[in-house]
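File shown: input-v9.cif. Contents: mmCIF, C-alpha atoms and all ligand atoms.
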```
data_coords
loop_
_atom_site.label_atom_id
_atom_site.label_comp_id
_atom_site.auth_asym_id
_atom_site.auth_seq_id
_atom_site.Cartn_x
_atom_site.Cartn_y
_atom_site.Cartn_z
CA MET A 21 -41.03 8.59 4.23
CA SER A 22 -44.11 7.74 6.23
CA ARG A 23 -45.65 10.12 8.76
CA GLU A 24 -44.29 8.10 11.69
CA ASP A 25 -40.73 8.35 10.41
CA VAL A 26 -38.39 10.57 12.40
CA THR A 27 -35.96 12.46 10.18
CA ILE A 28 -33.03 14.03 11.98
CA LEU A 29 -30.51 16.55 10.68
CA ALA A 30 -27.31 15.90 12.60
CA ILE A 31 -24.28 18.15 12.96
CA GLU A 32 -20.79 17.27 14.21
CA SER A 33 -17.88 19.71 14.65
CA SER A 34 -16.07 18.56 17.81
CA CYS A 35 -12.59 18.25 16.34
CA ASP A 36 -11.26 18.38 12.80
CA GLU A 37 -14.17 17.28 10.62
CA THR A 38 -17.14 19.47 9.77
CA ALA A 39 -20.00 17.04 9.20
CA ALA A 40 -23.74 16.96 8.61
CA ALA A 41 -26.07 14.04 7.93
CA VAL A 42 -29.72 13.22 7.44
CA VAL A 43 -30.74 10.04 9.29
CA VAL A 44 -34.20 8.48 9.32
CA ASN A 45 -35.30 6.45 12.39
CA GLY A 46 -31.76 6.31 13.74
CA ARG A 47 -30.44 3.69 11.31
CA ASP A 48 -31.23 4.74 7.77
CA VAL A 49 -28.54 7.18 6.57
CA ARG A 50 -29.85 9.34 3.73
CA SER A 51 -26.70 11.49 3.55
CA ASN A 52 -23.41 11.69 5.44
CA ILE A 53 -21.29 14.65 4.37
CA ILE A 54 -17.83 15.12 5.89
CA SER A 55 -15.48 18.00 5.20
CA SER A 56 -12.09 16.92 6.53
CA GLN A 57 -9.52 19.44 7.73
CA ILE A 58 -6.61 17.00 7.40
CA ALA A 59 -4.88 18.99 4.67
CA LEU A 60 -4.97 22.15 6.83
CA HIS A 61 -3.67 20.60 10.06
CA THR A 62 -1.04 18.44 8.33
CA LEU A 63 0.98 21.62 7.81
CA TYR A 64 1.31 21.91 11.63
CA GLY A 65 1.67 18.21 12.51
CA GLY A 66 -1.58 18.11 14.50
CA VAL A 67 -4.93 19.81 15.09
CA VAL A 68 -4.62 23.56 15.73
CA PRO A 69 -7.82 24.41 17.68
CA GLU A 70 -8.14 28.02 16.49
CA LEU A 71 -7.77 27.02 12.85
CA ALA A 72 -10.24 24.18 13.34
CA SER A 73 -12.95 26.58 14.59
CA ARG A 74 -12.42 28.97 11.70
CA LYS A 75 -12.58 26.17 9.16
CA HIS A 76 -15.78 24.84 10.75
CA MET A 77 -17.34 28.30 10.38
CA GLU A 78 -16.30 28.44 6.76
CA LYS A 79 -17.69 25.00 5.92
CA ILE A 80 -20.70 24.39 8.12
CA ASN A 81 -23.43 25.91 5.97
CA GLN A 82 -22.05 24.26 2.86
CA VAL A 83 -21.94 20.85 4.52
CA ILE A 84 -25.52 21.16 5.84
CA THR A 85 -26.85 22.28 2.43
CA GLU A 86 -25.11 19.32 0.81
CA ALA A 87 -26.50 16.91 3.41
CA LEU A 88 -30.07 18.13 2.78
CA GLU A 89 -29.65 18.08 -1.00
CA THR A 90 -28.10 14.60 -1.06
CA ALA A 91 -30.95 13.28 1.09
CA ASP A 92 -33.38 15.08 -1.21
CA VAL A 93 -35.09 16.88 1.67
CA THR A 94 -35.49 20.46 2.89
CA LEU A 95 -35.58 21.76 6.46
CA ASP A 96 -39.38 21.40 6.25
CA ASP A 97 -38.95 17.61 6.18
CA ILE A 98 -36.76 17.57 9.29
CA ASP A 99 -38.27 16.53 12.66
CA ALA A 100 -35.34 17.38 14.95
CA ILE A 101 -31.78 18.70 14.99
CA GLY A 102 -29.06 16.64 16.71
CA VAL A 103 -25.71 18.22 17.50
CA THR A 104 -22.53 17.19 19.29
CA TYR A 105 -22.10 19.46 22.33
CA GLY A 106 -19.18 17.66 24.00
CA PRO A 107 -16.58 16.43 24.60
CA GLY A 108 -14.20 18.10 22.17
CA LEU A 109 -12.49 21.39 21.39
CA VAL A 110 -14.62 24.18 22.81
CA GLY A 111 -14.28 26.57 19.85
CA ALA A 112 -14.97 23.77 17.39
CA LEU A 113 -18.01 22.48 19.29
CA LEU A 114 -19.44 26.00 19.56
CA VAL A 115 -19.71 26.33 15.78
CA GLY A 116 -21.97 23.28 15.49
CA VAL A 117 -23.96 24.13 18.61
CA ALA A 118 -24.61 27.74 17.48
CA GLU A 119 -25.64 26.53 14.03
CA ALA A 120 -27.98 23.87 15.43
CA LYS A 121 -29.58 26.38 17.81
CA ALA A 122 -30.10 28.86 14.98
CA ILE A 123 -31.86 26.26 12.80
CA SER A 124 -33.88 24.97 15.74
CA TRP A 125 -35.08 28.50 16.57
CA ALA A 126 -35.73 29.59 12.98
CA LYS A 127 -37.71 26.44 12.10
CA SER A 128 -39.18 25.72 15.55
CA LEU A 129 -37.58 22.29 15.58
CA PRO A 130 -36.67 20.23 18.65
CA LEU A 131 -32.97 20.41 19.52
CA ILE A 132 -31.03 17.46 20.93
CA GLY A 133 -27.50 17.88 22.30
CA VAL A 134 -25.57 14.64 21.73
CA HIS A 135 -22.54 13.23 23.56
CA HIS A 136 -19.77 12.58 21.01
CA ILE A 137 -18.85 9.17 22.44
CA GLU A 138 -22.50 8.14 22.50
CA GLY A 139 -22.41 9.01 18.81
CA HIS A 140 -19.39 6.77 18.20
CA ILE A 141 -21.12 3.85 19.97
CA SER A 142 -24.33 4.49 18.01
CA ALA A 143 -22.50 4.13 14.68
CA ASN A 144 -22.95 0.42 15.36
CA TYR A 145 -26.76 0.78 15.11
CA ILE A 146 -26.31 2.04 11.56
CA ALA A 147 -23.88 -0.70 10.57
CA HIS A 148 -25.81 -3.53 12.27
CA LYS A 149 -29.52 -2.97 11.82
CA ASP A 150 -30.51 -5.70 14.30
CA LEU A 151 -28.12 -4.65 17.07
CA GLU A 152 -29.87 -3.78 20.33
CA PRO A 153 -28.47 -3.23 23.83
CA PRO A 154 -27.23 -4.78 26.02
CA PHE A 155 -23.72 -5.25 24.63
CA ALA A 156 -20.17 -4.21 25.46
CA CYS A 157 -18.25 -1.66 23.43
CA LEU A 158 -14.61 -0.67 23.19
CA VAL A 159 -14.47 3.02 22.28
CA VAL A 160 -11.04 3.90 20.94
CA SER A 161 -10.61 7.38 19.54
CA GLY A 162 -8.14 10.25 19.53
CA GLY A 163 -9.37 11.47 22.89
CA HIS A 164 -10.86 8.39 24.57
CA THR A 165 -10.22 4.75 25.38
CA HIS A 166 -13.26 3.43 27.19
CA LEU A 167 -14.55 -0.07 27.80
CA VAL A 168 -18.28 0.49 28.12
CA VAL A 169 -21.27 -1.67 29.00
CA VAL A 170 -24.19 -0.40 26.91
CA LYS A 171 -27.03 -1.43 29.22
CA ASP A 172 -29.76 0.22 27.19
CA TYR A 173 -30.11 3.10 24.74
CA GLY A 174 -28.55 6.06 26.56
CA SER A 175 -27.52 3.98 29.58
CA TYR A 176 -23.81 3.32 29.93
CA GLU A 177 -21.39 1.99 32.49
CA ILE A 178 -17.70 2.65 31.93
CA ILE A 179 -15.82 -0.35 33.33
CA GLY A 180 -12.36 0.59 32.06
CA LYS A 181 -10.63 3.66 30.74
CA THR A 182 -7.19 5.00 30.02
CA ARG A 183 -5.23 6.51 32.88
CA ASP A 184 -3.21 8.72 30.53
CA ASP A 185 -3.03 8.84 26.71
CA ALA A 186 -5.90 7.62 24.56
CA ALA A 187 -5.09 4.84 22.07
CA GLY A 188 -5.45 7.21 19.09
CA GLU A 189 -3.27 9.78 20.80
CA ALA A 190 -0.53 7.14 21.20
CA PHE A 191 -0.81 6.31 17.49
CA ASP A 192 -0.54 10.01 16.61
CA LYS A 193 2.45 10.66 18.89
CA VAL A 194 4.39 7.60 17.75
CA ALA A 195 3.66 8.40 14.11
CA ARG A 196 5.13 11.85 14.60
CA ALA A 197 8.23 10.38 16.29
CA ILE A 198 8.91 8.01 13.39
CA GLY A 199 8.34 10.74 10.83
CA LEU A 200 4.99 9.58 9.46
CA GLY A 201 3.17 12.78 10.42
CA TYR A 202 -0.49 13.56 11.00
CA PRO A 203 -2.93 11.83 11.14
CA GLY A 204 -0.87 9.06 12.68
CA GLY A 205 -3.31 6.17 13.01
CA PRO A 206 -3.97 5.43 9.34
CA LYS A 207 -0.28 5.97 8.50
CA ILE A 208 0.93 3.51 11.15
CA ASP A 209 -1.76 1.05 10.04
CA ARG A 210 -0.43 1.23 6.47
CA ALA A 211 3.30 1.17 7.37
CA ALA A 212 2.76 -1.76 9.75
CA ARG A 213 1.57 -3.98 6.89
CA GLU A 214 5.16 -3.96 5.54
CA GLY A 215 6.73 -4.55 8.96
CA ASN A 216 7.43 -7.39 11.40
CA ASP A 217 5.32 -7.04 14.53
CA GLN A 218 7.71 -9.30 16.47
CA ALA A 219 10.80 -7.23 15.59
CA ILE A 220 10.86 -5.14 18.77
CA HIS A 221 9.27 -6.01 22.09
CA PHE A 222 7.45 -3.01 23.51
CA PRO A 223 5.82 -3.23 26.98
CA ARG A 224 2.16 -4.14 27.53
CA ALA A 225 1.35 -1.86 30.45
CA LYS A 226 -0.51 -3.15 33.48
CA VAL A 227 -2.08 -0.60 35.77
CA GLY A 228 -3.14 -1.02 39.38
CA GLY A 229 -6.80 -0.72 40.31
CA SER A 230 -9.34 -1.73 37.68
CA VAL A 231 -8.18 -4.69 35.57
CA TYR A 232 -9.96 -3.04 32.64
CA ASP A 233 -8.06 0.25 32.77
CA PHE A 234 -5.45 1.13 30.17
CA SER A 235 -2.21 3.10 30.07
CA PHE A 236 -0.43 4.03 26.86
CA SER A 237 2.04 6.72 27.92
CA GLY A 238 4.67 4.12 29.00
CA LEU A 239 4.44 2.44 25.61
CA LYS A 240 4.89 5.79 23.86
CA SER A 241 7.99 6.49 26.04
CA ALA A 242 9.35 3.00 25.28
CA VAL A 243 9.09 3.73 21.55
CA LEU A 244 10.82 7.11 22.01
CA ASN A 245 13.60 5.45 24.09
CA TYR A 246 14.05 2.79 21.44
CA LEU A 247 14.35 5.44 18.71
CA ASN A 248 16.85 7.48 20.75
CA GLY A 249 18.87 4.34 21.51
CA CYS A 250 19.08 3.50 17.80
CA ARG A 251 20.14 7.04 16.95
CA MET A 252 22.84 7.05 19.62
CA LYS A 253 24.21 3.72 18.45
CA GLY A 254 24.01 4.84 14.83
CA GLU A 255 21.65 1.94 14.05
CA GLU A 256 19.17 2.23 11.23
CA ILE A 257 15.49 2.46 12.23
CA SER A 258 12.99 0.35 10.34
CA VAL A 259 9.83 2.47 10.30
CA PRO A 260 7.59 -0.48 9.28
CA ASP A 261 9.01 -2.67 12.08
CA VAL A 262 8.55 0.04 14.73
CA ALA A 263 5.03 0.74 13.44
CA ALA A 264 4.08 -2.95 13.41
CA SER A 265 5.61 -3.71 16.84
CA PHE A 266 4.03 -0.64 18.45
CA GLN A 267 0.65 -1.39 16.87
CA LYS A 268 0.84 -4.99 18.08
CA ALA A 269 1.47 -3.80 21.65
CA VAL A 270 -1.62 -1.54 21.52
CA VAL A 271 -3.80 -4.17 19.85
CA ASP A 272 -2.72 -6.92 22.30
CA VAL A 273 -3.66 -4.80 25.33
CA LEU A 274 -6.98 -3.65 23.86
CA THR A 275 -7.94 -7.20 22.87
CA GLU A 276 -6.81 -8.70 26.17
CA HIS A 277 -8.83 -6.27 28.29
CA ALA A 278 -11.87 -6.55 26.04
CA MET A 279 -11.79 -10.36 26.22
CA HIS A 280 -11.26 -10.30 29.97
CA ALA A 281 -14.50 -8.33 30.22
CA VAL A 282 -16.25 -10.74 27.84
CA ASP A 283 -15.13 -13.72 29.95
CA GLU A 284 -16.08 -12.10 33.27
CA TYR A 285 -19.40 -10.55 32.26
CA GLY A 286 -20.45 -13.14 29.67
CA PHE A 287 -21.32 -10.65 26.90
CA LYS A 288 -22.60 -12.33 23.75
CA THR A 289 -22.09 -9.23 21.58
CA PHE A 290 -19.08 -6.95 21.51
CA ALA A 291 -18.81 -3.73 19.50
CA LEU A 292 -15.94 -1.50 18.44
CA ALA A 293 -16.23 2.27 17.98
CA GLY A 294 -14.10 5.37 17.36
CA GLY A 295 -11.35 6.24 14.90
CA VAL A 296 -8.94 3.51 16.06
CA ALA A 297 -11.67 0.91 15.45
CA SER A 298 -10.85 1.31 11.75
CA ASN A 299 -7.39 -0.16 12.43
CA THR A 300 -7.00 -3.37 10.42
CA ALA A 301 -4.86 -5.18 13.01
CA LEU A 302 -7.29 -4.37 15.83
CA ARG A 303 -10.26 -5.55 13.80
CA ALA A 304 -8.48 -8.79 12.87
CA SER A 305 -7.36 -9.47 16.43
CA MET A 306 -10.82 -8.78 17.87
CA GLU A 307 -12.48 -10.90 15.20
CA LYS A 308 -10.24 -13.84 16.05
CA ALA A 309 -10.69 -13.47 19.81
CA CYS A 310 -14.48 -13.10 19.55
CA ALA A 311 -14.81 -16.01 17.12
CA ALA A 312 -12.88 -18.25 19.53
CA ARG A 313 -15.50 -17.46 22.23
CA GLY A 314 -18.57 -17.59 19.99
CA VAL A 315 -19.12 -13.87 20.57
CA ARG A 316 -20.61 -11.65 17.85
CA LEU A 317 -18.28 -8.77 16.93
CA CYS A 318 -19.87 -5.60 15.58
CA CYS A 319 -17.75 -2.96 13.95
CA PRO A 320 -18.84 -0.04 11.78
CA PRO A 321 -17.15 0.52 8.40
CA PRO A 322 -14.15 2.90 8.68
CA VAL A 323 -16.15 5.94 7.48
CA LEU A 324 -18.50 5.50 10.45
CA CYS A 325 -15.62 4.84 12.90
CA THR A 326 -13.91 8.19 12.42
CA ASP A 327 -15.83 11.40 13.13
CA ASN A 328 -19.05 11.81 11.15
CA ALA A 329 -22.54 13.20 11.71
CA ALA A 330 -24.52 10.05 10.81
CA MET A 331 -23.51 8.54 14.16
CA ILE A 332 -24.75 11.71 15.90
CA GLY A 333 -28.06 11.33 14.05
CA ALA A 334 -28.35 7.73 15.29
CA ALA A 335 -27.69 8.73 18.91
CA ALA A 336 -30.02 11.74 18.63
CA TYR A 337 -32.86 9.50 17.42
CA TYR A 338 -32.74 7.30 20.53
CA ASP A 339 -32.57 10.43 22.72
CA TYR A 340 -35.55 11.82 20.79
CA GLN A 341 -37.53 8.63 21.37
CA ARG A 342 -36.82 8.89 25.10
CA GLY A 343 -38.17 12.45 25.13
CA ILE A 344 -34.81 14.13 25.63
CA ARG A 345 -34.76 17.74 24.38
CA SER A 346 -32.24 20.54 24.76
CA ASP A 347 -33.24 24.18 24.77
CA LEU A 348 -31.60 27.28 23.36
CA THR A 349 -29.33 27.57 26.42
CA LEU A 350 -27.44 24.50 25.11
CA ASN A 351 -23.72 25.21 25.34
CA ALA A 352 -20.53 23.42 24.33
CA VAL A 353 -19.14 21.27 27.17
CA PRO A 354 -15.55 20.34 26.27
CA GLY A 355 -15.11 17.87 29.17
CA LEU A 356 -18.60 16.28 29.06
CA LYS A 357 -18.64 12.83 30.69
CA LEU A 358 -20.49 9.87 29.17
CA GLY A 359 -23.94 9.54 30.68
CA GLU A 360 -23.97 13.18 31.87
CA ARG A 361 -26.43 15.78 30.57
O1 LIG B 401 -12.92 9.09 16.54
P1 LIG B 401 -11.96 9.98 15.87
O2 LIG B 401 -12.15 10.28 14.42
O3 LIG B 401 -11.86 11.36 16.60
C1 LIG B 401 -11.93 11.51 17.98
O4 LIG B 401 -13.07 11.52 18.51
O5 LIG B 401 -10.85 11.56 18.58
O6 LIG B 401 -10.54 9.33 16.12
C2 LIG B 401 -9.39 9.89 15.60
C3 LIG B 401 -8.24 9.01 16.01
C4 LIG B 401 -6.89 9.61 15.65
O7 LIG B 401 -6.04 9.49 16.78
C5 LIG B 401 -6.43 8.73 14.50
O8 LIG B 401 -5.02 8.63 14.41
C6 LIG B 401 -7.06 7.39 14.87
O9 LIG B 401 -8.33 7.74 15.35
N1 LIG B 401 -7.19 6.51 13.71
C7 LIG B 401 -6.57 5.32 13.61
C8 LIG B 401 -6.89 4.80 12.33
N2 LIG B 401 -7.72 5.68 11.71
C9 LIG B 401 -7.90 6.73 12.57
N3 LIG B 401 -5.76 4.68 14.47
C10 LIG B 401 -5.26 3.50 14.09
N4 LIG B 401 -5.50 2.94 12.88
C11 LIG B 401 -6.31 3.54 11.98
N5 LIG B 401 -6.55 2.98 10.78
ZN ZN B 402 -14.58 11.09 17.58
#
```
Represent the supplied structure as structure tokens.
Ligand code: KG4
Ligand code: ZN
Amino acid sequence: MSREDVTILAIESSCDETAAAVVVNGRDVRSNIISSQIALHTLYGGVVPELASRKHMEKINQVITEALETADVTLDDIDAIGVTYGPGLVGALLVGVAEAKAISWAKSLPLIGVHHIEGHISANYIAHKDLEPPFACLVVSGGHTHLVVVKDYGSYEIIGKTRDDAAGEAFDKVARAIGLGYPGGPKIDRAAREGNDQAIHFPRAKVGGSVYDFSFSGLKSAVLNYLNGCRMKGEEISVPDVAASFQKAVVDVLTEHAMHAVDEYGFKTFALAGGVASNTALRASMEKACAARGVRLCCPPPVLCTDNAAMIGAAAYYDYQRGIRSDLTLNAVPGLKLGER
């Protein structure tokens, strides 16, 4: 590492992964350690916030030590600490924030509070070394469905968002209804490969107001109604067909709105981000639609789509370069909006 290099230790604990990473100059990931709580929450069919916080407390030091060791650095080599401070589960966020503040104070290191969604978007800077704003990004996670114009580093305009459920939330709820359990997205993705996506026609919701806004709660209800109807009529339910048809409805709407924005705004580069961006059908559909328009599609590998700390390190680097610093009053902000500080 040269003297000009900026080495960031990043921490992420907003939901159900305890993660730490060492990232140099925003794009070079030296370590990316993730301790997943899936096995714990599976027992309850979803994330239990109280258990998530306790597990974060149990794992956080271990994950940070491993991140430093894997990167072959010590805290003396670190230039700044980046940490997710919102949005997310308040008790979960607090664990990372308290840890980051403690390290920042003990080692006199600059502290940078990072927006979780900004982290998801920034995963693209790691995956595509030449990617620079401006570009458009579809952020699809368990808590968010945002169509965002990335005007510059740290400068965002949300042009569309969900009015109700997030895309990942719809995947999780439908997976539970068809007995696939938690976490729903990857299970539906897998089951759908064996199914016929034309088997059942589920609605593609249109919402009034912004043409780029989404709504997924009607689709979720349509799936539940379909399942109840089958049960009442004593008809067998094909889990792969329901999974594939539901997934197709989500993917069609996401792709259609994204391409509408591409056509209207004339973006030459489009990026995907968030857990649902690891969905194989969404990636294939977006690739096809972008290729047809000569638009470059950027998408991080699945490990950088779902929650991780490397993406927080990437976002923190660009904040660091712009002189953004948090102080020891930094607190968890569960409902933090993109672009807010
Ligand atoms: O970004 P993320 O890890 O956490 C949040 O910030 O919410 O996203 C988690 C969401 C969950 O709803 C999960 O079911 C969904 O991403 N997900 C997927 C896939 N992998 C994760 N959804 C569809 N297909 C996948 N392969
Ligand atoms: Zn996330």
>> Would you pick out the contacts of stretch 109-126 of chain A at 7 Å or less, using only C-alpha atoms, so that residues sharing its chain but fewer than 5 positions from it are not included, and give the list as a ChimeraX atom specification?
In response: /A:31-35,69,72-73,76-77,101,103-104,131,348,351-354
I need the chosen residues saved as a PDB file, in the frame of the given file, with C-alpha atoms.
```pdb
ATOM      1  CA  ILE A  31     -24.280  18.150  12.960  1.00  0.00           C
ATOM      2  CA  GLU A  32     -20.790  17.270  14.210  1.00  0.00           C
ATOM      3  CA  SER A  33     -17.880  19.710  14.650  1.00  0.00           C
ATOM      4  CA  SER A  34     -16.070  18.560  17.810  1.00  0.00           C
ATOM      5  CA  CYS A  35     -12.590  18.250  16.340  1.00  0.00           C
ATOM      6  CA  PRO A  69      -7.820  24.410  17.680  1.00  0.00           C
ATOM      7  CA  ALA A  72     -10.240  24.180  13.340  1.00  0.00           C
ATOM      8  CA  SER A  73     -12.950  26.580  14.590  1.00  0.00           C
ATOM      9  CA  HIS A  76     -15.780  24.840  10.750  1.00  0.00           C
ATOM     10  CA  MET A  77     -17.340  28.300  10.380  1.00  0.00           C
ATOM     11  CA  ILE A 101     -31.780  18.700  14.990  1.00  0.00           C
ATOM     12  CA  VAL A 103     -25.710  18.220  17.500  1.00  0.00           C
ATOM     13  CA  THR A 104     -22.530  17.190  19.290  1.00  0.00           C
ATOM     14  CA  LEU A 131     -32.970  20.410  19.520  1.00  0.00           C
ATOM     15  CA  LEU A 348     -31.600  27.280  23.360  1.00  0.00           C
ATOM     16  CA  ASN A 351     -23.720  25.210  25.340  1.00  0.00           C
ATOM     17  CA  ALA A 352     -20.530  23.420  24.330  1.00  0.00           C
ATOM     18  CA  VAL A 353     -19.140  21.270  27.170  1.00  0.00           C
ATOM     19  CA  PRO A 354     -15.550  20.340  26.270  1.00  0.00           C
TER      20      PRO A 354
END
```
> Given a cut-off of 9 Å, what residues near ligand LIG 401 (chain B) show up using all atoms listed in the file, put as a PyMOL selection string?
Replying inline: chain A and resi 34-37+107-108+136-137+140+159-164+186-193+195+202-210+267+293-302+322+324-328
>> Within 7 Å of (-14.1, -17.9, 26.0) (file coordinates; only C-alpha atoms), which protein or nucleic acid residues are there? I'd like them as a VMD selection string.
In response: chain A and resid 283 312 to 313
Selection export as a PDB file, in the frame of the given file, atoms kept: C-alpha atoms:
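Just written: part-v4.pdb:
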```pdb
ATOM      1  CA  ASP A 283     -15.130 -13.720  29.950  1.00  0.00           C
ATOM      2  CA  ALA A 312     -12.880 -18.250  19.530  1.00  0.00           C
ATOM      3  CA  ARG A 313     -15.500 -17.460  22.230  1.00  0.00           C
TER       4      ARG A 313
END
```
>> I'd like the neighbourhood of stretch 95-98 of chain A as a PyMOL selection string, where a residue qualifies if any of its atoms comes within 9 Å (using all atoms listed in the file), though same-chain residues fewer than 4 positions away should be ignored.
In response: chain A and resi 26-29+42+88+123+127+129
> Taking into account all atoms listed in the file, which residue in the set A:Met252, A:Cys318, A:Ala87, A:Ala39 is nearest to ligand ZN 402 (chain B)?
Replying inline: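 Of A:Met252, A:Cys318, A:Ala87, A:Ala39, the one nearest ligand ZN 402 (chain B), counting all atoms listed in the file, is A:Ala39.
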> Which is closest to A:Tyr337 among A:Ser128, A:Thr85, A:Ser142, A:Ser56, if we use only C-alpha atoms?
Replying inline: A:Ser142
>> Show me the residues around (6.8, 5.1, 11.5) - criterion: an atom at most 7 Å away, all atoms listed in the file counted - as a ChimeraX atom specification.
In response: /A:195,198-200,208,211,259-260,262-263
Enclose all atoms of stretch 265-280 of chain A listed in the file in an axis-aligned box, grow every side by 5 Å, and hand back centre and edge lengths in Å to one decimal, as lines of an AutoDock Vina configuration file.
```
center_x = -3.1
center_y = -5.5
center_z = 23.4
size_x = 27.5
size_y = 19.7
size_z = 23.1
```
> With all atoms listed in the file as the atoms that count, which of A:Ala91, A:Val231, A:Ala143, A:Ala30 lies nearest to ligand ZN 402 (chain B)?
Replying inline: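 Nearest to ligand ZN 402 (chain B): A:Ala143.
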>> Between A:Gly228, A:Gly314, A:Gly139, A:Gly333, which residue has the minimum interatomic distance to ligand ZN 402 (chain B), considering only C-alpha atoms and all ligand atoms?
In response: A:Gly139
> So how many Å separate atom CA of A:Cys157 and atom CA of A:Asp48, to one decimal?
Replying inline: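 Here the two named atoms are 21.3 Å from each other.
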>> Between atom CA of A:Ile332 and atom CA of A:Arg23, what distance in Å does the model show, to one decimal?
In response: 22.1 Å
> What gap, in Å, lies between atom CA of A:Gln82 and atom CA of A:Ser55?
Replying inline: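 Rounded to one decimal, the two atoms are 9.4 Å apart.
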>> Let me make sure I understand: among A:Glu138, A:Ala100, A:Asn216, A:Tyr64, which one has the smallest atom-to-atom distance to ligand ZN 402 (chain B) if we use only C-alpha atoms and all ligand atoms?
In response: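 Under the stated criterion, the closest residue is A:Glu138.
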